[in-house]
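Shown next: data-v7.txt, containing compact mmCIF, C-alpha atoms (C1' of nucleotides).
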# COMPACT_ATOMS: atom_id res chain seq x y z
CA MET W 1 20.71 -69.02 -117.61
CA GLN W 2 17.32 -67.40 -117.90
CA PRO W 3 16.07 -65.55 -120.97
CA ALA W 4 16.06 -62.12 -119.34
CA GLU W 5 19.59 -62.60 -118.13
CA GLN W 6 20.66 -63.68 -121.60
CA ASP W 7 19.03 -60.63 -122.97
CA VAL W 8 20.78 -58.13 -120.73
CA LYS W 9 24.17 -59.78 -121.16
CA MET W 10 23.71 -59.76 -124.91
CA ARG W 11 22.60 -56.15 -124.94
CA LEU W 12 25.60 -55.18 -122.87
CA LEU W 13 27.95 -57.00 -125.21
CA GLN W 14 26.39 -55.39 -128.26
CA ALA W 15 26.63 -51.95 -126.69
CA ALA W 16 30.23 -52.59 -125.65
CA LYS W 17 31.15 -53.64 -129.17
CA LYS W 18 29.62 -50.54 -130.65
CA LEU W 19 31.15 -48.07 -128.23
CA PHE W 20 34.58 -49.67 -127.90
CA ALA W 21 34.78 -49.68 -131.69
CA ARG W 22 33.78 -46.04 -132.08
CA GLN W 23 35.52 -44.47 -129.09
CA GLY W 24 38.25 -46.90 -128.14
CA PHE W 25 38.61 -48.78 -124.88
CA ASP W 26 39.94 -45.87 -122.87
CA GLY W 27 37.50 -43.44 -124.42
CA THR W 28 34.49 -45.49 -123.40
CA THR W 29 32.99 -45.56 -119.90
CA ILE W 30 30.91 -48.34 -118.43
CA ARG W 31 28.22 -45.75 -117.84
CA GLN W 32 27.98 -45.13 -121.57
CA ILE W 33 27.78 -48.84 -122.29
CA CYS W 34 25.04 -49.38 -119.72
CA GLU W 35 23.08 -46.42 -120.99
CA GLU W 36 23.37 -47.65 -124.56
CA ALA W 37 22.18 -51.07 -123.41
CA ASP W 38 19.38 -49.67 -121.23
CA ALA W 39 20.83 -51.38 -118.22
CA ASN W 40 21.83 -50.30 -114.77
CA VAL W 41 25.39 -49.13 -114.14
CA ALA W 42 26.10 -51.96 -111.75
CA LEU W 43 25.24 -54.75 -114.16
CA ILE W 44 28.58 -54.86 -115.95
CA SER W 45 30.28 -55.68 -112.70
CA TYR W 46 27.50 -58.14 -111.88
CA TYR W 47 27.59 -60.05 -115.16
CA PHE W 48 31.18 -59.70 -116.28
CA GLY W 49 33.19 -58.48 -113.30
CA GLY W 50 34.40 -55.14 -114.60
CA LYS W 51 35.34 -53.13 -117.66
CA ASP W 52 38.37 -55.20 -118.62
CA LYS W 53 36.38 -58.38 -118.26
CA ILE W 54 33.56 -57.34 -120.57
CA PHE W 55 36.14 -56.48 -123.22
CA GLN W 56 37.72 -59.88 -122.87
CA ALA W 57 34.30 -61.54 -123.02
CA LEU W 58 33.59 -59.59 -126.20
CA ILE W 59 36.74 -60.82 -127.91
CA GLU W 60 36.03 -64.37 -126.89
CA THR W 61 32.48 -64.41 -128.23
CA VAL W 62 33.83 -63.22 -131.57
CA PHE W 63 36.28 -66.08 -131.90
CA SER W 64 33.81 -68.68 -130.76
CA GLN W 65 32.22 -68.27 -134.19
CA PRO W 66 34.24 -69.75 -137.04
CA LEU W 67 35.25 -67.13 -139.60
CA ALA W 68 37.24 -68.75 -142.31
CA LYS W 69 37.60 -72.34 -141.23
CA ASP W 70 36.64 -73.64 -144.64
CA PHE W 71 38.96 -71.26 -146.46
CA VAL W 72 41.91 -72.50 -144.43
CA SER W 73 41.08 -76.17 -144.75
CA ARG W 74 39.95 -76.30 -148.38
CA ASP W 75 42.65 -77.16 -150.86
CA LEU W 76 42.28 -74.32 -153.29
CA ASP W 77 44.01 -73.20 -156.42
CA PRO W 78 46.03 -70.01 -155.67
CA VAL W 79 43.85 -67.85 -157.88
CA GLU W 80 40.58 -69.37 -156.73
CA GLY W 81 41.80 -69.27 -153.15
CA LEU W 82 42.56 -65.57 -153.29
CA LYS W 83 39.19 -64.92 -154.87
CA VAL W 84 37.43 -66.77 -152.06
CA LEU W 85 39.51 -64.91 -149.47
CA ILE W 86 38.77 -61.51 -150.97
CA ARG W 87 35.08 -62.26 -151.18
CA GLU W 88 34.63 -63.78 -147.74
CA LEU W 89 36.73 -61.18 -145.98
CA THR W 90 35.07 -58.26 -147.76
CA LEU W 91 31.59 -59.53 -146.95
CA PHE W 92 32.57 -60.14 -143.35
CA ARG W 93 33.99 -56.65 -143.07
CA MET W 94 30.81 -55.13 -144.43
CA ARG W 95 28.70 -57.24 -142.05
CA GLU W 96 30.73 -56.34 -138.99
CA PRO W 97 32.18 -52.87 -139.35
CA ASP W 98 32.38 -52.34 -135.60
CA LEU W 99 34.31 -55.54 -135.09
CA VAL W 100 36.74 -54.54 -137.82
CA ARG W 101 37.31 -51.22 -136.14
CA LEU W 102 37.86 -52.93 -132.82
CA PHE W 103 40.49 -55.25 -134.29
CA GLN W 104 42.20 -52.39 -136.03
CA GLN W 105 42.51 -50.45 -132.82
CA GLU W 106 43.97 -53.33 -130.90
CA THR W 107 46.34 -54.01 -133.75
CA ILE W 108 47.71 -50.49 -133.70
CA LEU W 109 47.81 -50.09 -129.94
CA ASN W 110 49.61 -53.42 -129.81
CA GLY W 111 47.95 -54.14 -126.51
CA PRO W 112 48.29 -57.28 -124.42
CA ARG W 113 45.20 -58.89 -125.92
CA LEU W 114 46.64 -58.81 -129.41
CA ASP W 115 48.19 -62.23 -128.94
CA VAL W 116 44.79 -63.81 -128.47
CA MET W 117 43.63 -62.33 -131.74
CA ARG W 118 46.82 -63.37 -133.51
CA GLU W 119 46.39 -66.94 -132.35
CA HIS W 120 42.91 -67.16 -133.80
CA LYS W 121 43.42 -65.32 -137.05
CA PHE W 122 46.90 -66.38 -138.06
CA PRO W 123 45.88 -69.64 -139.74
CA LEU W 124 44.01 -67.48 -142.23
CA TRP W 125 47.03 -65.34 -143.00
CA ILE W 126 49.42 -68.26 -143.13
CA LYS W 127 47.14 -69.84 -145.72
CA THR W 128 47.12 -66.58 -147.65
CA ARG W 129 50.91 -66.47 -147.70
CA GLU W 130 50.98 -70.07 -148.87
CA LEU W 131 48.65 -69.25 -151.73
CA LEU W 132 50.89 -66.38 -152.81
CA GLU W 133 53.99 -68.54 -152.60
CA GLU W 134 52.39 -71.43 -154.43
CA GLY W 135 51.11 -69.07 -157.11
CA ARG W 136 54.60 -67.77 -157.61
CA ALA W 137 56.08 -71.27 -157.73
CA ARG W 138 53.55 -72.30 -160.36
CA GLY W 139 54.34 -69.25 -162.47
CA LEU W 140 50.87 -67.76 -161.99
CA PHE W 141 52.10 -64.75 -160.02
CA ARG W 142 55.23 -62.69 -160.41
CA PHE W 143 56.76 -60.76 -157.52
CA ARG W 144 60.13 -60.39 -155.84
CA SER W 145 59.47 -60.26 -152.10
CA LEU W 146 56.84 -62.42 -150.46
CA ASP W 147 56.87 -60.28 -147.31
CA PHE W 148 56.28 -57.07 -149.21
CA THR W 149 53.68 -58.56 -151.52
CA PHE W 150 51.84 -60.03 -148.57
CA SER W 151 51.75 -56.63 -146.92
CA PHE W 152 50.41 -55.00 -150.10
CA VAL W 153 47.62 -57.56 -150.34
CA THR W 154 46.67 -57.28 -146.67
CA GLY W 155 46.87 -53.50 -146.92
CA ILE W 156 44.16 -53.61 -149.56
CA LEU W 157 42.12 -56.32 -147.84
CA LEU W 158 42.20 -54.69 -144.42
CA ASP W 159 42.08 -51.08 -145.48
CA SER W 160 40.76 -48.93 -142.70
CA HIS W 161 40.54 -45.50 -144.26
CA GLY W 162 37.03 -45.73 -145.64
CA PRO W 163 35.38 -43.16 -143.37
CA TYR W 164 38.46 -40.95 -143.34
CA PHE W 165 38.53 -40.54 -147.10
CA GLN W 166 34.77 -40.41 -147.37
CA PRO W 167 34.75 -36.66 -148.11
CA LEU W 168 36.83 -37.33 -151.22
CA SER W 169 34.45 -39.93 -152.55
CA THR W 170 32.68 -38.97 -155.76
CA GLU W 171 30.86 -42.08 -156.90
CA GLY W 172 28.34 -42.59 -154.11
CA GLU W 173 27.57 -45.96 -152.59
CA GLN W 174 28.33 -49.00 -154.70
CA SER W 175 27.46 -52.65 -154.42
CA PRO W 176 29.66 -55.10 -152.52
CA GLU W 177 29.90 -57.17 -155.68
CA ARG W 178 31.55 -54.35 -157.59
CA LEU W 179 34.01 -53.80 -154.76
CA ILE W 180 34.88 -57.50 -154.70
CA GLU W 181 35.31 -57.58 -158.46
CA ASP W 182 37.50 -54.48 -158.57
CA MET W 183 39.58 -55.56 -155.60
CA THR W 184 40.13 -59.01 -157.08
CA ASP W 185 41.11 -57.43 -160.36
CA PHE W 186 43.53 -54.97 -158.75
CA ILE W 187 45.22 -57.56 -156.58
CA LEU W 188 45.60 -60.15 -159.33
CA SER W 189 46.98 -57.48 -161.65
CA GLY W 190 49.39 -56.41 -158.95
CA LEU W 191 50.52 -60.02 -158.74
CA LYS W 192 51.03 -59.98 -162.54
CA TYR W 193 48.48 -62.71 -162.99
CA GLU W 194 47.44 -63.13 -166.61
CA PRO W 195 44.14 -64.95 -166.99
CA ALA W 196 44.26 -67.72 -169.54
CA THR W 197 42.52 -66.50 -172.67
CA MET S 1 62.00 -17.57 -126.51
CA GLN S 2 64.90 -18.68 -124.36
CA PRO S 3 66.90 -21.87 -124.92
CA ALA S 4 65.67 -23.57 -121.75
CA GLU S 5 62.09 -22.84 -122.63
CA GLN S 6 62.60 -24.22 -126.11
CA ASP S 7 64.10 -27.30 -124.60
CA VAL S 8 61.24 -28.07 -122.25
CA LYS S 9 58.61 -27.42 -124.88
CA MET S 10 60.43 -29.68 -127.28
CA ARG S 11 60.84 -32.42 -124.70
CA LEU S 12 57.15 -32.24 -123.89
CA LEU S 13 56.23 -32.49 -127.56
CA GLN S 14 58.54 -35.44 -128.09
CA ALA S 15 57.15 -37.22 -125.03
CA ALA S 16 53.60 -36.49 -126.14
CA LYS S 17 54.27 -37.89 -129.59
CA LYS S 18 55.72 -41.08 -128.18
CA LEU S 19 53.00 -41.72 -125.62
CA PHE S 20 50.02 -40.65 -127.73
CA ALA S 21 51.28 -42.96 -130.46
CA ARG S 22 51.73 -45.97 -128.19
CA GLN S 23 48.77 -45.58 -125.83
CA GLY S 24 46.33 -43.38 -127.70
CA PHE S 25 45.08 -39.97 -126.69
CA ASP S 26 42.61 -41.15 -124.06
CA GLY S 27 45.04 -43.74 -122.73
CA THR S 28 47.69 -41.13 -122.05
CA THR S 29 47.67 -38.73 -119.09
CA ILE S 30 49.43 -35.41 -118.92
CA ARG S 31 51.19 -36.75 -115.84
CA GLN S 32 52.75 -39.52 -117.92
CA ILE S 33 53.85 -37.08 -120.57
CA CYS S 34 55.46 -34.77 -118.03
CA GLU S 35 57.19 -37.65 -116.32
CA GLU S 36 58.52 -38.92 -119.66
CA ALA S 37 59.76 -35.40 -120.43
CA ASP S 38 61.21 -34.86 -116.95
CA ALA S 39 59.04 -31.84 -116.52
CA ASN S 40 56.61 -30.64 -113.90
CA VAL S 41 52.93 -31.53 -114.21
CA ALA S 42 51.88 -27.93 -114.54
CA LEU S 43 54.07 -27.16 -117.53
CA ILE S 44 51.74 -28.56 -120.15
CA SER S 45 49.10 -26.09 -119.08
CA TYR S 46 51.72 -23.36 -118.91
CA TYR S 47 53.24 -23.90 -122.33
CA PHE S 48 50.34 -25.27 -124.32
CA GLY S 49 47.17 -24.62 -122.36
CA GLY S 50 45.99 -28.15 -121.77
CA LYS S 51 45.97 -31.71 -123.04
CA ASP S 52 43.95 -31.02 -126.17
CA LYS S 53 46.16 -28.07 -126.97
CA ILE S 54 49.42 -29.98 -126.78
CA PHE S 55 47.98 -32.53 -129.17
CA GLN S 56 47.01 -29.80 -131.56
CA ALA S 57 50.46 -28.24 -131.23
CA LEU S 58 52.00 -31.63 -131.97
CA ILE S 59 50.02 -31.98 -135.17
CA GLU S 60 50.88 -28.47 -136.22
CA THR S 61 54.62 -28.89 -135.73
CA VAL S 62 54.42 -31.93 -137.94
CA PHE S 63 52.77 -30.03 -140.74
CA SER S 64 54.98 -27.01 -140.38
CA GLN S 65 57.67 -29.14 -141.98
CA PRO S 66 57.01 -29.49 -145.65
CA LEU S 67 56.12 -33.08 -146.39
CA ALA S 68 54.57 -33.05 -149.76
CA LYS S 69 54.36 -29.39 -150.59
CA ASP S 70 56.38 -29.89 -153.71
CA PHE S 71 54.50 -33.03 -154.65
CA VAL S 72 51.21 -31.17 -154.54
CA SER S 73 52.44 -28.11 -156.39
CA ARG S 74 54.66 -29.69 -158.99
CA ASP S 75 52.99 -30.47 -162.26
CA LEU S 76 53.87 -34.10 -162.60
CA ASP S 77 53.13 -36.83 -165.07
CA PRO S 78 50.71 -39.34 -163.49
CA VAL S 79 53.26 -42.13 -163.45
CA GLU S 80 56.10 -39.95 -162.25
CA GLY S 81 53.80 -38.32 -159.73
CA LEU S 82 52.79 -41.64 -158.22
CA LYS S 83 56.43 -42.68 -158.07
CA VAL S 84 57.34 -39.52 -156.17
CA LEU S 85 54.38 -39.98 -153.85
CA ILE S 86 55.25 -43.60 -153.07
CA ARG S 87 58.88 -42.74 -152.42
CA GLU S 88 58.32 -39.66 -150.30
CA LEU S 89 55.54 -41.19 -148.26
CA THR S 90 57.41 -44.43 -147.65
CA LEU S 91 60.55 -42.63 -146.52
CA PHE S 92 58.51 -40.35 -144.29
CA ARG S 93 56.76 -43.34 -142.73
CA MET S 94 60.07 -45.03 -141.98
CA ARG S 95 61.45 -41.83 -140.46
CA GLU S 96 58.47 -41.19 -138.22
CA PRO S 97 56.88 -44.45 -137.08
CA ASP S 98 55.32 -42.86 -134.00
CA LEU S 99 53.69 -40.17 -136.05
CA VAL S 100 52.27 -42.78 -138.41
CA ARG S 101 50.84 -44.67 -135.47
CA LEU S 102 49.33 -41.48 -134.14
CA PHE S 103 47.64 -40.69 -137.43
CA GLN S 104 46.32 -44.21 -137.74
CA GLN S 105 44.90 -44.11 -134.23
CA GLU S 106 43.02 -40.94 -134.83
CA THR S 107 41.90 -42.04 -138.27
CA ILE S 108 40.23 -45.14 -136.88
CA LEU S 109 38.73 -43.43 -133.87
CA ASN S 110 37.42 -40.70 -136.18
CA GLY S 111 37.49 -38.31 -133.26
CA PRO S 112 37.18 -34.54 -133.18
CA ARG S 113 40.95 -34.18 -133.47
CA LEU S 114 40.88 -35.74 -136.92
CA ASP S 115 39.66 -32.59 -138.60
CA VAL S 116 42.95 -30.80 -138.01
CA MET S 117 44.84 -33.61 -139.67
CA ARG S 118 42.41 -33.85 -142.55
CA GLU S 119 42.75 -30.18 -143.29
CA HIS S 120 46.51 -30.47 -143.63
CA LYS S 121 46.79 -33.75 -145.49
CA PHE S 122 43.89 -33.59 -147.90
CA PRO S 123 45.68 -31.56 -150.57
CA LEU S 124 48.04 -34.51 -150.88
CA TRP S 125 45.24 -37.01 -151.37
CA ILE S 126 43.30 -34.78 -153.71
CA LYS S 127 46.40 -34.53 -155.85
CA THR S 128 46.76 -38.31 -155.72
CA ARG S 129 43.21 -38.79 -156.92
CA GLU S 130 43.83 -36.30 -159.71
CA LEU S 131 46.88 -38.22 -160.81
CA LEU S 132 44.86 -41.44 -160.94
CA GLU S 133 42.06 -39.77 -162.85
CA GLU S 134 44.42 -38.08 -165.27
CA GLY S 135 46.29 -41.33 -165.81
CA ARG S 136 43.03 -43.03 -166.68
CA ALA S 137 42.00 -40.23 -169.02
CA ARG S 138 45.33 -40.44 -170.82
CA GLY S 139 45.00 -44.20 -171.23
CA LEU S 140 47.96 -44.90 -168.96
CA PHE S 141 45.91 -46.61 -166.26
CA ARG S 142 42.89 -48.89 -166.53
CA PHE S 143 40.33 -49.19 -163.75
CA ARG S 144 36.59 -48.97 -163.29
CA SER S 145 36.00 -47.11 -160.05
CA LEU S 146 38.14 -44.18 -158.98
CA ASP S 147 36.90 -44.42 -155.39
CA PHE S 148 37.78 -48.10 -155.09
CA THR S 149 41.10 -47.74 -156.83
CA PHE S 150 42.04 -44.82 -154.64
CA SER S 151 41.26 -46.90 -151.57
CA PHE S 152 43.41 -49.78 -152.83
CA VAL S 153 46.33 -47.44 -153.42
CA THR S 154 46.03 -45.75 -150.05
CA GLY S 155 45.57 -49.12 -148.39
CA ILE S 156 49.00 -50.12 -149.67
CA LEU S 157 50.61 -46.75 -149.03
CA LEU S 158 49.28 -46.42 -145.48
CA ASP S 159 49.39 -50.04 -144.46
CA SER S 160 49.53 -50.30 -140.70
CA HIS S 161 49.94 -54.02 -140.10
CA GLY S 162 53.71 -54.20 -140.19
CA PRO S 163 54.25 -55.03 -136.52
CA TYR S 164 51.17 -57.21 -136.36
CA PHE S 165 52.30 -59.48 -139.17
CA GLN S 166 55.92 -59.38 -138.12
CA PRO S 167 55.85 -62.98 -136.83
CA LEU S 168 54.94 -64.18 -140.32
CA SER S 169 57.86 -62.43 -141.93
CA THR S 170 60.46 -64.72 -143.44
CA GLU S 171 62.82 -62.49 -145.34
CA GLY S 172 64.34 -60.39 -142.58
CA GLU S 173 64.86 -56.67 -142.82
CA GLN S 174 65.13 -55.22 -146.29
CA SER S 175 66.19 -51.88 -147.64
CA PRO S 176 63.72 -49.02 -148.08
CA GLU S 177 64.73 -48.90 -151.73
CA ARG S 178 63.54 -52.42 -152.36
CA LEU S 179 60.25 -51.68 -150.63
CA ILE S 180 59.75 -48.57 -152.75
CA GLU S 181 60.57 -50.45 -155.93
CA ASP S 182 58.26 -53.34 -155.15
CA MET S 183 55.44 -51.09 -154.01
CA THR S 184 55.70 -48.95 -157.12
CA ASP S 185 55.70 -52.05 -159.26
CA PHE S 186 52.68 -53.57 -157.50
CA ILE S 187 50.62 -50.39 -157.64
CA LEU S 188 51.38 -49.61 -161.27
CA SER S 189 50.60 -53.19 -162.20
CA GLY S 190 47.34 -52.95 -160.28
CA LEU S 191 46.55 -49.86 -162.33
CA LYS S 192 47.28 -51.86 -165.50
CA TYR S 193 50.09 -49.51 -166.44
CA GLU S 194 52.27 -50.89 -169.20
CA PRO S 195 55.67 -49.22 -169.38
CA ALA S 196 56.61 -48.12 -172.85
CA THR S 197 59.13 -50.57 -174.23
C1' DG Z 1 18.22 -59.58 -110.87
C1' DT Z 2 18.04 -54.82 -110.48
C1' DC Z 3 18.71 -50.57 -108.37
C1' DT Z 4 20.59 -46.46 -105.42
C1' DA Z 5 24.09 -44.50 -102.89
C1' DT Z 6 28.54 -44.08 -102.02
C1' DA Z 7 33.35 -45.17 -101.67
C1' DA Z 8 38.10 -44.39 -103.28
C1' DG Z 9 41.02 -42.89 -106.72
C1' DC Z 10 42.66 -40.63 -110.84
C1' DC Z 11 41.89 -37.12 -114.13
C1' DG Z 12 42.93 -32.22 -116.05
C1' DA Z 13 43.55 -27.72 -114.63
C1' DT Z 14 45.16 -23.86 -111.84
C1' DA Z 15 46.10 -20.60 -107.90
C1' DG Z 16 49.75 -19.07 -105.60
C1' DA Z 17 54.55 -19.72 -103.51
C1' DC Z 18 59.25 -19.26 -104.88
C1' DG K 1 59.98 -20.51 -115.42
C1' DT K 2 59.13 -23.98 -112.19
C1' DC K 3 56.94 -26.11 -108.48
C1' DT K 4 53.52 -27.74 -104.73
C1' DA K 5 49.07 -28.20 -103.17
C1' DT K 6 44.60 -28.58 -104.09
C1' DC K 7 39.98 -28.30 -106.36
C1' DG K 8 36.00 -30.10 -108.75
C1' DG K 9 34.63 -33.56 -111.72
C1' DC K 10 34.39 -37.98 -113.46
C1' DT K 11 35.88 -42.73 -113.26
C1' DT K 12 35.32 -47.81 -111.75
C1' DA K 13 33.57 -50.64 -108.52
C1' DT K 14 30.65 -52.29 -104.78
C1' DA K 15 27.79 -52.67 -100.48
C1' DG K 16 23.39 -53.05 -99.33
C1' DA K 17 18.20 -52.08 -100.11
C1' DC K 18 14.43 -54.05 -102.60
For the file at hand, write its structure as structure tokens.
Amino acid sequence: MQPAEQDVKMRLLQAAKKLFARQGFDGTTIRQICEEADANVALISYYFGGKDKIFQALIETVFSQPLAKDFVSRDLDPVEGLKVLIRELTLFRMREPDLVRLFQQETILNGPRLDVMREHKFPLWIKTRELLEEGRARGLFRFRSLDFTFSFVTGILLDSHGPYFQPLSTEGEQSPERLIEDMTDFILSGLKYEPAT
Amino acid sequence: MQPAEQDVKMRLLQAAKKLFARQGFDGTTIRQICEEADANVALISYYFGGKDKIFQALIETVFSQPLAKDFVSRDLDPVEGLKVLIRELTLFRMREPDLVRLFQQETILNGPRLDVMREHKFPLWIKTRELLEEGRARGLFRFRSLDFTFSFVTGILLDSHGPYFQPLSTEGEQSPERLIEDMTDFILSGLKYEPAT
DNA sequence: GTCTATAAGCCGATAGAC
DNA sequence: GTCTATCGGCTTATAGAC
């Protein structure tokens, strides 16, 4: 694969990510993608084989990079584990807002490609559930339903209303660190965790 | 307005709600809607004036029913107010899953159709923010950032990952009442609320 | 590898018959 | 009020020139 070819393919993938995320799959045309990527209209068919194929290629490039391999494999204390999860996930979400939006859309549309995403991301969520359960067993957390509690935690972690509620915001932009701190605090409090004094 | 006319309009609206929710606005054609409603292709133009218009009409019928009118207008204690909000919103979301999906779709896509929804729902969220702020001022709640805290609360309230995480569920179906109780408990704990003994 | 030109089909919308 | 037939526009995809 030559450099120029690499370059165009990459530009097309980047443009596809951006536009699919912002406008949805159906709301995006290959013409828009090619224009955004400064490439000819025919090159999506040439490099990927069509609109569906470039979407699939996009998903696959995402999962070729490890996201949370170490979080899943490391043997962490429930509290420390949740802290690592909150931090890593929050930073990832701030690094890749378009990707987050893309996932969210697929999740809601419940399309056929959702299974691929499930397969790759579920180890992360299984580990998260295990941390909650272990924390409860050890008396660190207090809650009644694991299913409900898990959904509360993921609701906070994967919140997707940022832009929607933007007009209500009053405090301006804040640092990621403050968000991570406050989120950790809120979740651990919700779990009735009482830090050792 | 004659009965038959009412009937067709209603069937079209119901079909539109179902298909827009499941396939998105761009992924749904007026032909599909009319087929689902057992109506002729031309009737969407005739009754509503076009695809965009039937969407708008759909949103407006939703908001013609009072959802949270009383919640917004009633002068409630912060804690009681949040409890009412959690209950009403949760019950509404269980009654109208398609509508929830529709909102979530549009929220993420951040399209031009979002403004209509914002206009109708924002009084609810403004009131929610006021309750949080008032609760903090009265020493009932403890948190640092109102913006962050508001996003945590809405993340839980508007969680959209139910179907996605379904395969991880272990506790089977549970009653709405239990969900409301647990959610209230988690949120108030996250806000550091300590019930008077 | 890149481009133009064009094919073939679906889209939303509507004029006009009934 | 309902329907058929059709229009113009835009879509994806590709054949073929360079």
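CA of Leu102 (chain W) is positioned 4.6 Å from CA of Ala21 (chain W).
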Contacts of region 4-9 of chain Z at 10 Å (all atoms listed in the file; same-chain gap of 5+ positions) as number ranges by chain: K: 11-17
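The closest residue to Pro78 (chain S), picked from S:Ala137, S:Leu188, S:Cys34, S:Leu132 and counting only C-alpha atoms, is S:Leu132.
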Straight-line distance linking CA of Leu140 (chain W) with CA of Met183 (chain S), stated in Å to one decimal: 19.0 Å
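In chain Z, the set of residues within 9 Å of chain W (atoms considered: all atoms listed in the file) is DG1, DT2 and DC3 of chain Z.
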